[in-house]
>>> print(open('model-v5.cif').read())   # mmCIF, C-alpha atoms
data_input
#
loop_
_atom_site.label_atom_id
_atom_site.label_comp_id
_atom_site.auth_asym_id
_atom_site.auth_seq_id
_atom_site.Cartn_x
_atom_site.Cartn_y
_atom_site.Cartn_z
CA MET A 1 -56.19 45.50 18.21
CA TRP A 2 -53.82 46.80 15.58
CA SER A 3 -54.32 45.81 11.97
CA PRO A 4 -51.46 44.07 10.09
CA SER A 5 -50.85 47.20 7.98
CA ARG A 6 -50.49 49.41 11.07
CA ARG A 7 -48.15 46.92 12.72
CA ALA A 8 -46.02 46.81 9.56
CA LEU A 9 -45.87 50.63 9.51
CA LEU A 10 -44.76 50.68 13.14
CA VAL A 11 -42.00 48.15 12.40
CA ASP A 12 -40.85 50.21 9.41
CA LEU A 13 -40.65 53.35 11.54
CA VAL A 14 -38.67 51.55 14.23
CA VAL A 15 -36.22 50.10 11.69
CA SER A 16 -35.76 53.45 9.95
CA GLY A 17 -35.21 55.25 13.25
CA ALA A 18 -32.76 52.60 14.46
CA VAL A 19 -30.68 52.83 11.27
CA THR A 20 -30.55 56.63 11.51
CA GLY A 21 -29.67 56.60 15.20
CA LEU A 22 -26.95 53.96 14.87
CA ALA A 23 -25.43 55.79 11.91
CA VAL A 24 -25.11 59.00 13.93
CA TRP A 25 -23.86 57.10 16.98
CA TRP A 26 -21.20 55.14 15.12
CA TRP A 27 -19.97 57.90 12.79
CA HIS A 28 -16.92 59.22 14.62
CA GLN A 29 -15.73 62.85 14.51
CA PHE A 30 -18.26 63.87 11.83
CA PRO A 31 -21.86 63.26 13.01
CA LEU A 32 -23.36 65.16 10.06
CA GLY A 33 -22.17 62.49 7.63
CA GLY A 34 -23.71 59.76 9.75
CA PHE A 35 -26.95 61.71 9.96
CA VAL A 36 -27.13 62.13 6.16
CA TYR A 37 -26.34 58.45 5.59
CA GLY A 38 -28.77 57.32 8.25
CA VAL A 39 -31.65 59.49 7.02
CA LEU A 40 -31.20 58.46 3.38
CA ALA A 41 -30.82 54.78 4.22
CA GLY A 42 -33.69 54.91 6.73
CA VAL A 43 -36.07 56.57 4.26
CA ALA A 44 -35.13 54.01 1.61
CA LEU A 45 -35.78 51.15 4.03
CA MET A 46 -39.29 52.49 4.66
CA TRP A 47 -40.17 51.18 1.16
CA ARG A 48 -38.45 47.82 1.47
CA ARG A 49 -41.77 45.88 1.54
CA ARG A 50 -43.14 47.50 -1.63
CA ARG A 51 -39.93 47.79 -3.71
CA PRO A 52 -37.48 45.38 -2.07
CA VAL A 53 -35.05 44.99 -4.99
CA LEU A 54 -34.96 48.73 -5.70
CA VAL A 55 -34.40 49.51 -2.01
CA LEU A 56 -31.52 47.01 -1.90
CA ALA A 57 -29.94 48.71 -4.92
CA LEU A 58 -30.30 52.17 -3.32
CA VAL A 59 -28.89 51.00 0.01
CA ALA A 60 -25.99 49.33 -1.80
CA ALA A 61 -25.24 52.56 -3.67
CA LEU A 62 -25.38 54.60 -0.44
CA THR A 63 -23.15 52.11 1.35
CA ALA A 64 -20.65 52.03 -1.51
CA ALA A 65 -20.54 55.83 -1.50
CA ALA A 66 -20.09 55.97 2.27
CA ALA A 67 -17.37 53.31 2.44
CA PRO A 68 -14.45 55.51 1.27
CA VAL A 69 -15.44 58.23 3.73
CA THR A 70 -15.20 55.81 6.62
CA VAL A 71 -11.46 55.59 6.17
CA HIS A 72 -8.95 58.18 7.46
CA GLY A 73 -10.56 60.11 10.22
CA SER A 74 -14.33 60.26 9.93
CA GLN A 75 -15.06 56.57 10.18
CA LEU A 76 -18.38 54.83 10.11
CA HIS A 77 -18.13 51.48 11.83
CA GLU A 78 -18.25 48.69 9.24
CA GLY A 79 -20.92 46.99 11.32
CA MET A 80 -23.30 49.81 10.44
CA LEU A 81 -22.77 49.18 6.75
CA LEU A 82 -23.39 45.47 7.15
CA ILE A 83 -26.51 46.05 9.27
CA THR A 84 -28.02 48.34 6.64
CA ILE A 85 -27.26 45.89 3.83
CA ALA A 86 -28.59 43.01 5.95
CA VAL A 87 -31.95 44.74 6.50
CA ALA A 88 -32.29 45.47 2.78
CA MET A 89 -31.20 41.93 1.86
CA HIS A 90 -33.70 40.41 4.29
CA ALA A 91 -36.50 42.44 2.69
CA ALA A 92 -35.39 41.44 -0.83
CA VAL A 93 -35.60 37.74 0.06
CA ALA A 94 -38.77 37.94 2.18
CA HIS A 95 -40.90 40.29 0.08
CA THR A 96 -39.90 39.50 -3.51
CA ASP A 97 -42.62 37.70 -5.48
CA ARG A 98 -40.15 35.34 -7.17
CA LEU A 99 -37.72 33.30 -5.10
CA ARG A 100 -35.08 33.39 -7.83
CA THR A 101 -34.94 37.17 -7.64
CA GLY A 102 -34.52 37.00 -3.88
CA VAL A 103 -31.64 34.53 -4.16
CA LEU A 104 -29.84 36.64 -6.75
CA THR A 105 -30.26 39.83 -4.75
CA GLY A 106 -29.02 38.07 -1.62
CA LEU A 107 -25.92 36.83 -3.45
CA ALA A 108 -25.33 40.33 -4.80
CA ALA A 109 -25.53 41.71 -1.26
CA VAL A 110 -22.95 39.16 -0.06
CA LEU A 111 -20.59 40.07 -2.89
CA LEU A 112 -21.10 43.76 -2.14
CA GLY A 113 -20.32 43.23 1.52
CA THR A 114 -17.15 41.34 0.64
CA ALA A 115 -16.14 44.07 -1.80
CA LEU A 116 -16.67 46.72 0.87
CA MET A 117 -14.51 44.89 3.38
CA VAL A 118 -11.79 44.30 0.80
CA GLY A 119 -11.99 47.91 -0.35
CA ARG A 120 -11.80 49.24 3.19
CA THR A 121 -8.76 47.09 3.89
CA TRP A 122 -7.07 48.16 0.66
CA LEU A 123 -7.78 51.86 1.31
CA GLU A 124 -6.60 51.60 4.89
CA PHE A 125 -3.31 49.89 4.09
CA GLY A 126 -2.59 51.70 0.85
CA ASP A 127 -0.73 49.72 -1.77
CA ALA A 128 -0.25 46.67 0.38
CA THR A 129 -1.02 43.45 -1.44
CA LEU A 130 -3.96 41.57 0.02
CA ASP A 131 -3.40 37.96 0.91
CA PRO A 132 -5.89 35.69 -0.96
CA GLN A 133 -6.50 33.89 2.30
CA ASP A 134 -7.56 37.17 3.88
CA VAL A 135 -9.94 37.84 1.01
CA ALA A 136 -11.34 34.32 1.33
CA GLY A 137 -11.74 34.82 5.05
CA MET A 138 -13.58 38.08 4.52
CA PHE A 139 -15.85 36.40 2.00
CA GLY A 140 -16.51 33.55 4.42
CA VAL A 141 -17.44 35.92 7.21
CA VAL A 142 -19.74 37.98 5.00
CA PHE A 143 -21.23 34.84 3.41
CA SER A 144 -22.00 33.30 6.81
CA TYR A 145 -23.53 36.55 7.95
CA GLY A 146 -25.54 36.79 4.74
CA ALA A 147 -26.65 33.15 4.98
CA VAL A 148 -28.22 33.79 8.36
CA VAL A 149 -30.02 36.87 7.04
CA TRP A 150 -31.08 35.01 3.88
CA ALA A 151 -32.47 32.08 5.93
CA ALA A 152 -34.41 34.49 8.13
CA GLY A 153 -35.83 36.13 5.01
CA LEU A 154 -36.88 32.75 3.64
CA GLY A 155 -38.65 31.95 6.89
CA ILE A 156 -40.57 35.21 6.83
CA ARG A 157 -41.37 34.62 3.15
CA ALA A 158 -42.76 31.15 3.91
CA LEU A 159 -44.89 32.45 6.77
CA ARG A 160 -46.19 35.30 4.63
CA GLN A 161 -47.11 32.96 1.77
CA GLN A 162 -48.76 30.53 4.17
CA ARG A 163 -50.84 33.34 5.65
CA LEU A 164 -51.72 34.60 2.16
CA LEU A 165 -52.77 31.12 1.05
CA GLY A 166 -54.90 30.77 4.16
CA GLU A 167 -56.62 34.09 3.48
CA GLN A 168 -57.17 33.15 -0.16
CA GLY A 169 -58.56 29.78 0.91
CA ARG A 170 -60.99 31.39 3.34
CA ALA A 171 -62.05 33.95 0.74
CA SER A 172 -62.53 31.19 -1.84
CA ALA A 173 -64.55 29.12 0.63
CA GLU A 174 -66.77 32.13 1.38
CA ARG A 175 -67.32 32.79 -2.32
CA GLU A 176 -68.10 29.12 -2.92
CA GLY A 177 -70.52 29.12 0.00
CA ARG A 178 -72.33 32.17 -1.34
CA HIS A 179 -72.42 30.62 -4.82
CA LEU A 180 -73.86 27.35 -3.51
CA ALA A 181 -76.41 29.27 -1.47
CA ARG A 182 -77.54 31.16 -4.57
CA ILE A 183 -77.79 27.89 -6.51
CA ALA A 184 -79.82 26.33 -3.70
CA VAL A 185 -82.21 29.30 -3.71
CA VAL A 186 -82.65 29.09 -7.49
CA GLU A 187 -83.23 25.34 -7.36
CA GLU A 188 -85.71 25.71 -4.52
CA ARG A 189 -87.60 28.37 -6.44
CA ALA A 190 -87.68 26.10 -9.49
CA ARG A 191 -89.08 23.23 -7.41
CA ILE A 192 -91.73 25.47 -5.90
CA ALA A 193 -92.69 26.83 -9.32
CA ARG A 194 -92.87 23.30 -10.71
CA GLU A 195 -95.13 22.11 -7.90
CA LEU A 196 -97.44 25.10 -8.18
CA HIS A 197 -97.62 24.75 -11.95
CA ASP A 198 -98.55 21.08 -11.76
CA ILE A 199 -101.18 21.64 -9.09
CA VAL A 200 -102.78 24.76 -10.51
CA ALA A 201 -102.55 23.97 -14.23
CA HIS A 202 -104.23 20.59 -13.92
CA SER A 203 -106.94 21.71 -11.53
CA LEU A 204 -107.79 24.87 -13.44
CA SER A 205 -107.90 23.02 -16.77
CA VAL A 206 -110.40 20.52 -15.36
CA MET A 207 -112.42 23.25 -13.65
CA VAL A 208 -112.62 25.39 -16.81
CA LEU A 209 -113.83 22.45 -18.89
CA GLN A 210 -116.37 21.49 -16.22
CA ALA A 211 -117.61 25.08 -15.99
CA ASN A 212 -118.00 25.34 -19.77
CA GLY A 213 -119.83 22.02 -19.83
CA ALA A 214 -122.14 23.11 -17.02
CA ALA A 215 -122.98 26.32 -18.84
CA TYR A 216 -123.67 24.38 -22.03
CA VAL A 217 -126.14 21.89 -20.48
CA PHE A 218 -127.53 24.14 -17.75
CA ASP A 219 -130.93 24.68 -19.40
CA ARG A 220 -131.36 21.24 -20.96
CA ASP A 221 -129.99 19.05 -18.18
CA PRO A 222 -129.75 20.84 -14.82
CA GLU A 223 -128.70 17.64 -13.06
CA ARG A 224 -125.63 17.24 -15.26
CA ALA A 225 -124.85 20.90 -14.68
CA ARG A 226 -125.04 20.36 -10.93
CA GLU A 227 -122.71 17.35 -11.24
CA ALA A 228 -120.24 19.51 -13.15
CA LEU A 229 -120.45 22.20 -10.48
CA ARG A 230 -119.88 19.61 -7.76
CA ALA A 231 -116.87 18.34 -9.71
CA ILE A 232 -115.56 21.90 -9.88
CA GLY A 233 -115.91 22.26 -6.13
CA SER A 234 -114.26 18.90 -5.50
CA THR A 235 -111.36 19.66 -7.84
CA GLY A 236 -110.86 23.09 -6.29
CA SER A 237 -110.89 21.62 -2.78
CA GLU A 238 -108.31 18.99 -3.72
CA ALA A 239 -106.08 21.63 -5.34
CA LEU A 240 -106.39 23.84 -2.27
CA GLU A 241 -105.45 20.94 0.01
CA GLU A 242 -102.40 20.13 -2.13
CA ILE A 243 -101.29 23.76 -1.98
CA LYS A 244 -101.71 23.74 1.82
CA GLN A 245 -99.61 20.58 2.06
CA LEU A 246 -96.98 22.17 -0.18
CA VAL A 247 -96.85 25.25 2.05
CA ARG A 248 -96.46 23.05 5.14
CA ILE A 249 -93.55 21.24 3.48
CA LEU A 250 -91.89 24.53 2.52
CA ARG A 251 -92.16 25.77 6.09
CA SER A 252 -90.56 22.60 7.42
CA ASP A 253 -86.74 22.51 7.64
CA SER A 254 -86.47 18.81 8.36
CA GLU A 255 -86.56 17.43 4.82
CA GLU A 256 -86.11 18.50 1.21
CA LEU A 257 -89.11 19.23 -0.96
CA THR A 258 -88.20 16.39 -3.30
CA ASP A 259 -88.26 13.87 -0.44
CA ARG A 260 -91.69 14.78 0.88
CA SER A 261 -94.68 13.67 -1.14
CA PRO A 262 -98.13 15.13 -0.36
CA VAL A 263 -99.66 12.50 -2.67
CA GLY A 264 -99.52 8.74 -3.08
CA LEU A 265 -99.72 6.23 -5.91
CA GLY A 266 -103.25 5.40 -4.81
CA GLN A 267 -104.32 8.85 -5.96
CA LEU A 268 -103.59 8.08 -9.61
CA ASP A 269 -107.16 6.82 -9.85
CA ALA A 270 -108.38 10.23 -8.67
CA VAL A 271 -106.34 11.99 -11.37
CA VAL A 272 -107.78 9.69 -14.01
CA GLU A 273 -111.32 10.21 -12.71
CA ARG A 274 -110.92 13.99 -12.84
CA ALA A 275 -109.77 13.73 -16.46
CA ARG A 276 -112.76 11.54 -17.26
CA GLY A 277 -115.01 14.05 -15.56
CA ALA A 278 -113.60 16.73 -17.85
CA GLY A 279 -114.73 14.68 -20.85
CA LEU A 280 -111.53 12.79 -21.69
CA PRO A 281 -111.88 8.99 -21.93
CA VAL A 282 -108.90 7.59 -20.03
CA GLU A 283 -107.81 4.01 -19.48
CA LEU A 284 -105.44 3.25 -16.59
CA GLU A 285 -103.21 0.18 -16.87
CA VAL A 286 -101.01 -0.90 -13.96
CA GLU A 287 -98.46 -3.67 -14.39
CA GLY A 288 -96.46 -5.16 -11.54
CA THR A 289 -96.43 -4.48 -7.82
CA PRO A 290 -95.28 -1.05 -6.62
CA PRO A 291 -91.93 -1.43 -4.82
CA GLU A 292 -90.81 0.77 -1.96
CA MET A 293 -90.00 4.17 -3.45
CA PRO A 294 -88.89 7.55 -2.11
CA GLY A 295 -91.58 10.17 -1.76
CA GLY A 296 -89.91 12.18 -4.51
CA VAL A 297 -90.29 9.33 -7.01
CA VAL A 298 -93.92 8.82 -6.01
CA LEU A 299 -94.55 12.51 -6.52
CA ALA A 300 -92.76 12.43 -9.89
CA VAL A 301 -94.96 9.56 -11.13
CA TYR A 302 -98.09 11.33 -9.93
CA ARG A 303 -97.14 14.67 -11.52
CA ILE A 304 -96.12 13.09 -14.84
CA VAL A 305 -99.51 11.40 -15.17
CA GLN A 306 -101.30 14.55 -14.04
CA GLU A 307 -99.41 16.90 -16.40
CA SER A 308 -99.70 14.53 -19.36
CA LEU A 309 -103.47 14.26 -18.99
CA THR A 310 -103.70 18.03 -18.52
CA ASN A 311 -101.87 18.59 -21.81
CA THR A 312 -104.13 16.08 -23.53
CA ILE A 313 -107.24 17.86 -22.26
CA LYS A 314 -105.90 21.24 -23.36
CA HIS A 315 -104.35 20.36 -26.74
CA ALA A 316 -105.49 16.98 -28.09
CA GLY A 317 -108.82 18.19 -29.43
CA ALA A 318 -112.30 16.67 -29.46
CA GLY A 319 -112.63 12.90 -29.62
CA ALA A 320 -109.21 12.20 -28.14
CA ARG A 321 -108.66 9.21 -25.90
CA ALA A 322 -105.77 8.56 -23.50
CA VAL A 323 -104.09 5.48 -22.07
CA VAL A 324 -101.99 5.66 -18.90
CA HIS A 325 -99.66 2.70 -18.46
CA VAL A 326 -97.61 2.35 -15.26
CA HIS A 327 -95.14 -0.53 -15.12
CA TYR A 328 -93.56 -1.29 -11.73
CA ARG A 329 -90.35 -3.30 -11.56
CA PRO A 330 -88.04 -3.92 -8.59
CA GLU A 331 -85.33 -1.80 -10.23
CA SER A 332 -87.44 0.89 -11.95
CA VAL A 333 -90.84 2.43 -12.59
CA GLU A 334 -91.97 3.30 -16.11
CA VAL A 335 -94.81 5.67 -16.96
CA THR A 336 -96.28 5.98 -20.46
CA VAL A 337 -99.17 8.29 -21.32
CA THR A 338 -100.46 8.08 -24.88
CA ASP A 339 -103.34 9.93 -26.48
CA SER A 340 -105.01 9.47 -29.87
CA GLY A 341 -106.00 13.03 -30.54
CA ASP A 342 -106.42 14.47 -34.00
CA GLN A 343 -103.51 16.83 -33.31
CA PRO A 344 -100.43 16.37 -31.13
CA ALA A 345 -100.92 17.47 -27.57
CA ALA A 346 -98.01 19.87 -27.81
CA VAL A 347 -97.42 22.42 -25.11
CA THR A 348 -97.70 26.06 -26.05
CA PRO A 349 -94.45 28.01 -26.55
CA GLY A 350 -92.97 28.97 -23.20
CA GLY A 351 -94.94 26.29 -21.34
CA HIS A 352 -93.37 24.63 -18.34
CA GLY A 353 -95.19 21.28 -18.32
CA VAL A 354 -92.79 19.17 -20.38
CA ILE A 355 -89.80 20.98 -18.88
CA GLY A 356 -91.03 20.23 -15.37
CA MET A 357 -91.59 16.54 -16.15
CA ARG A 358 -88.12 16.25 -17.67
CA GLU A 359 -86.53 17.91 -14.63
CA ARG A 360 -88.31 15.52 -12.28
CA VAL A 361 -87.01 12.49 -14.19
CA ASN A 362 -83.49 13.92 -14.54
CA LEU A 363 -83.39 14.43 -10.79
CA TYR A 364 -83.29 10.63 -10.42
CA SER A 365 -81.02 9.99 -13.44
CA GLY A 366 -83.92 8.63 -15.46
CA THR A 367 -84.84 8.92 -19.13
CA PHE A 368 -87.65 11.06 -20.51
CA ALA A 369 -89.18 11.46 -23.97
CA ALA A 370 -92.20 13.39 -25.19
CA GLY A 371 -93.34 13.88 -28.76
CA PRO A 372 -95.86 13.14 -31.49
CA GLN A 373 -96.53 9.59 -32.63
CA ALA A 374 -96.28 8.44 -36.22
CA GLY A 375 -99.98 7.64 -36.41
CA GLY A 376 -101.10 10.82 -34.67
CA GLY A 377 -101.47 11.88 -31.09
CA TRP A 378 -98.83 12.39 -28.45
CA GLN A 379 -96.83 10.15 -26.13
CA VAL A 380 -94.98 10.84 -22.90
CA ARG A 381 -92.61 8.18 -21.59
CA ALA A 382 -90.58 8.34 -18.39
CA LEU A 383 -88.32 5.66 -16.89
CA ILE A 384 -87.02 6.24 -13.36
CA PRO A 385 -84.42 3.79 -11.98
CA LEU A 386 -84.74 2.74 -8.36
CA ALA A 387 -81.49 0.85 -7.83
CA ASP A 388 -79.47 3.91 -6.72
CA VAL A 389 -82.33 5.84 -5.12
CA ALA A 390 -82.62 5.83 -1.35
CA VAL A 391 -86.05 4.89 -0.05
CA ALA A 392 -87.67 7.47 2.21
CA ARG A 393 -89.05 5.85 5.33
#
>>> encode(input="model-v5.cif", output="structure tokens")
Amino acid sequence: MWSPSRRALLVDLVVSGAVTGLAVWWWHQFPLGGFVYGVLAGVALMWRRRRPVLVLALVAALTAAAAPVTVHGSQLHEGMLLITIAVAMHAAVAHTDRLRTGVLTGLAAVLLGTALMVGRTWLEFGDATLDPQDVAGMFGVVFSYGAVVWAAGLGIRALRQQRLLGEQGRASAEREGRHLARIAVVEERARIARELHDIVAHSLSVMVLQANGAAYVFDRDPERAREALRAIGSTGSEALEEIKQLVRILRSDSEELTDRSPVGLGQLDAVVERARGAGLPVELEVEGTPPEMPGGVVLAVYRIVQESLTNTIKHAGAGARAVVHVHYRPESVEVTVTDSGDQPAAVTPGGHGVIGMRERVNLYSGTFAAGPQAGGGWQVRALIPLADVAVAR
């Protein structure tokens, strides 16, 4: 199948050849003049798509130069002149970027055609005075002829612009699709990184503390050391299971990661117990009855508690205590984790814990705050509204 550019080139060659052939055919008694006119006009018309206004000016100049020669002997039929001007005029209207330029060039072509007819008549009849009615009639004929050509040019122009807009729309849609796909990939990577961080950071923090504690009491209290080792094994097994569940979710195409929760609210007790096993006294307070919530909200609550306690274990210092308060309401769930450490449980520079918690809350248009308290320690507070969140069933 021919491409649009090759089809346009074929049309240009046909038009150029037709103009040259008709010029030779219609130029009586002096074919060389018709050949010269036809070749020059045909070559000029080859560029009518790229330089329509310039081509119209060149064709007009050639036609004006040829008009006097068509009188007295070697005559070129006036129809040939009008055909050449019509082709150039059509291109000026159809292929000019601005419609105003096309209208002006079309009007100029009509006036030129009228002037040629008047000039031919005046040259043919010598000094005879032209009747104004004859001039008006000539103008009317040329104007009607030009109006048809101009309308055809407008139609081609409209079709060309419609095709161009369609191509631009398809190209824009493809670019937008690629852009959205890249955004989706980045967001998915961020969700995966957030999940892995929350799982691994908490579990490893607890396991490191348990291992250090086991090493410290190994000689004095082997039983406590064994308990610490069992806690390490249990924590590692739970982390491994969570990672396996995460991998299964990632391999599934049925639902988004944020809508599939590998954990439940009942596992908050397990998070608190692991923190206690790492040596952090933790008090869990639950207020209200848990309403139906999407899996993503359940996971957000779980991870906020988990990450907050992890930061307390890592940064709050010896002697710190923590209170986890979860308040369930029909329209929202509020999580507050407060510690009383000697120093604020700030995350290290470049850490992703607080950022990940904030992103989870922002995903559901909630509010999040984390910072030091006036009396010492650190507080994390997250409020997630449930009114506009669809419940995953």
>>> atom_distance(input="model-v5.cif", atom1="CA of Tyr302 (chain A)", atom2="CA of Leu196 (chain A)")
13.9 Å
>>> residues_around(input="model-v5.cif", residues="Arg321 (chain A)", least_positions_apart="6", cutoff="7 Å", atoms="all atoms listed in the file", output="PyMOL selection string")
chain A and resi 280-282+339-341
>>> resolve_selection(input="model-v5.cif", expression="the PyMOL selection byres ((chain A and resi 234) around 12)", output="PyMOL selection string")
chain A and resi 203-204+206-207+210+227-233+235-241+270+273-274+277
>>> closest_residue(input="model-v5.cif", among="A:Val149, A:Arg49, A:Glu167, A:Val326", to="Met89 (chain A)", atoms="all atoms listed in the file")
A:Val149
>>> residues_around(input="model-v5.cif", residues="Arg157 (chain A)", least_positions_apart="2", cutoff="12 Å", atoms="all atoms listed in the file", output="ChimeraX atom specification")
/A:49,90-99,102,150-155,159-164
>>> write_last_selection(input="model-v5.cif", atoms="C-alpha atoms", output="compact mmCIF listing (two decimals), in the coordinates of the input")
# COMPACT_ATOMS: atom_id res chain seq x y z
CA ARG A 49 -41.77 45.88 1.54
CA HIS A 90 -33.70 40.41 4.29
CA ALA A 91 -36.50 42.44 2.69
CA ALA A 92 -35.39 41.44 -0.83
CA VAL A 93 -35.60 37.74 0.06
CA ALA A 94 -38.77 37.94 2.18
CA HIS A 95 -40.90 40.29 0.08
CA THR A 96 -39.90 39.50 -3.51
CA ASP A 97 -42.62 37.70 -5.48
CA ARG A 98 -40.15 35.34 -7.17
CA LEU A 99 -37.72 33.30 -5.10
CA GLY A 102 -34.52 37.00 -3.88
CA TRP A 150 -31.08 35.01 3.88
CA ALA A 151 -32.47 32.08 5.93
CA ALA A 152 -34.41 34.49 8.13
CA GLY A 153 -35.83 36.13 5.01
CA LEU A 154 -36.88 32.75 3.64
CA GLY A 155 -38.65 31.95 6.89
CA LEU A 159 -44.89 32.45 6.77
CA ARG A 160 -46.19 35.30 4.63
CA GLN A 161 -47.11 32.96 1.77
CA GLN A 162 -48.76 30.53 4.17
CA ARG A 163 -50.84 33.34 5.65
CA LEU A 164 -51.72 34.60 2.16
>>> residues_near_point(input="model-v5.cif", point="(-103.5, 13.5, -11.9)", cutoff="8 Å", atoms="only C-alpha atoms", output="PyMOL selection string")
chain A and resi 202+267-272+274-275+302-307+309
>>> closest_residue(input="model-v5.cif", among="A:Leu209, A:Ile85, A:Ile183, A:Ala61", to="Leu45 (chain A)", atoms="only C-alpha atoms")
A:Ile85
>>> atom_distance(input="model-v5.cif", atom1="CA of Ala300 (chain A)", atom2="CA of His325 (chain A)")
14.7 Å
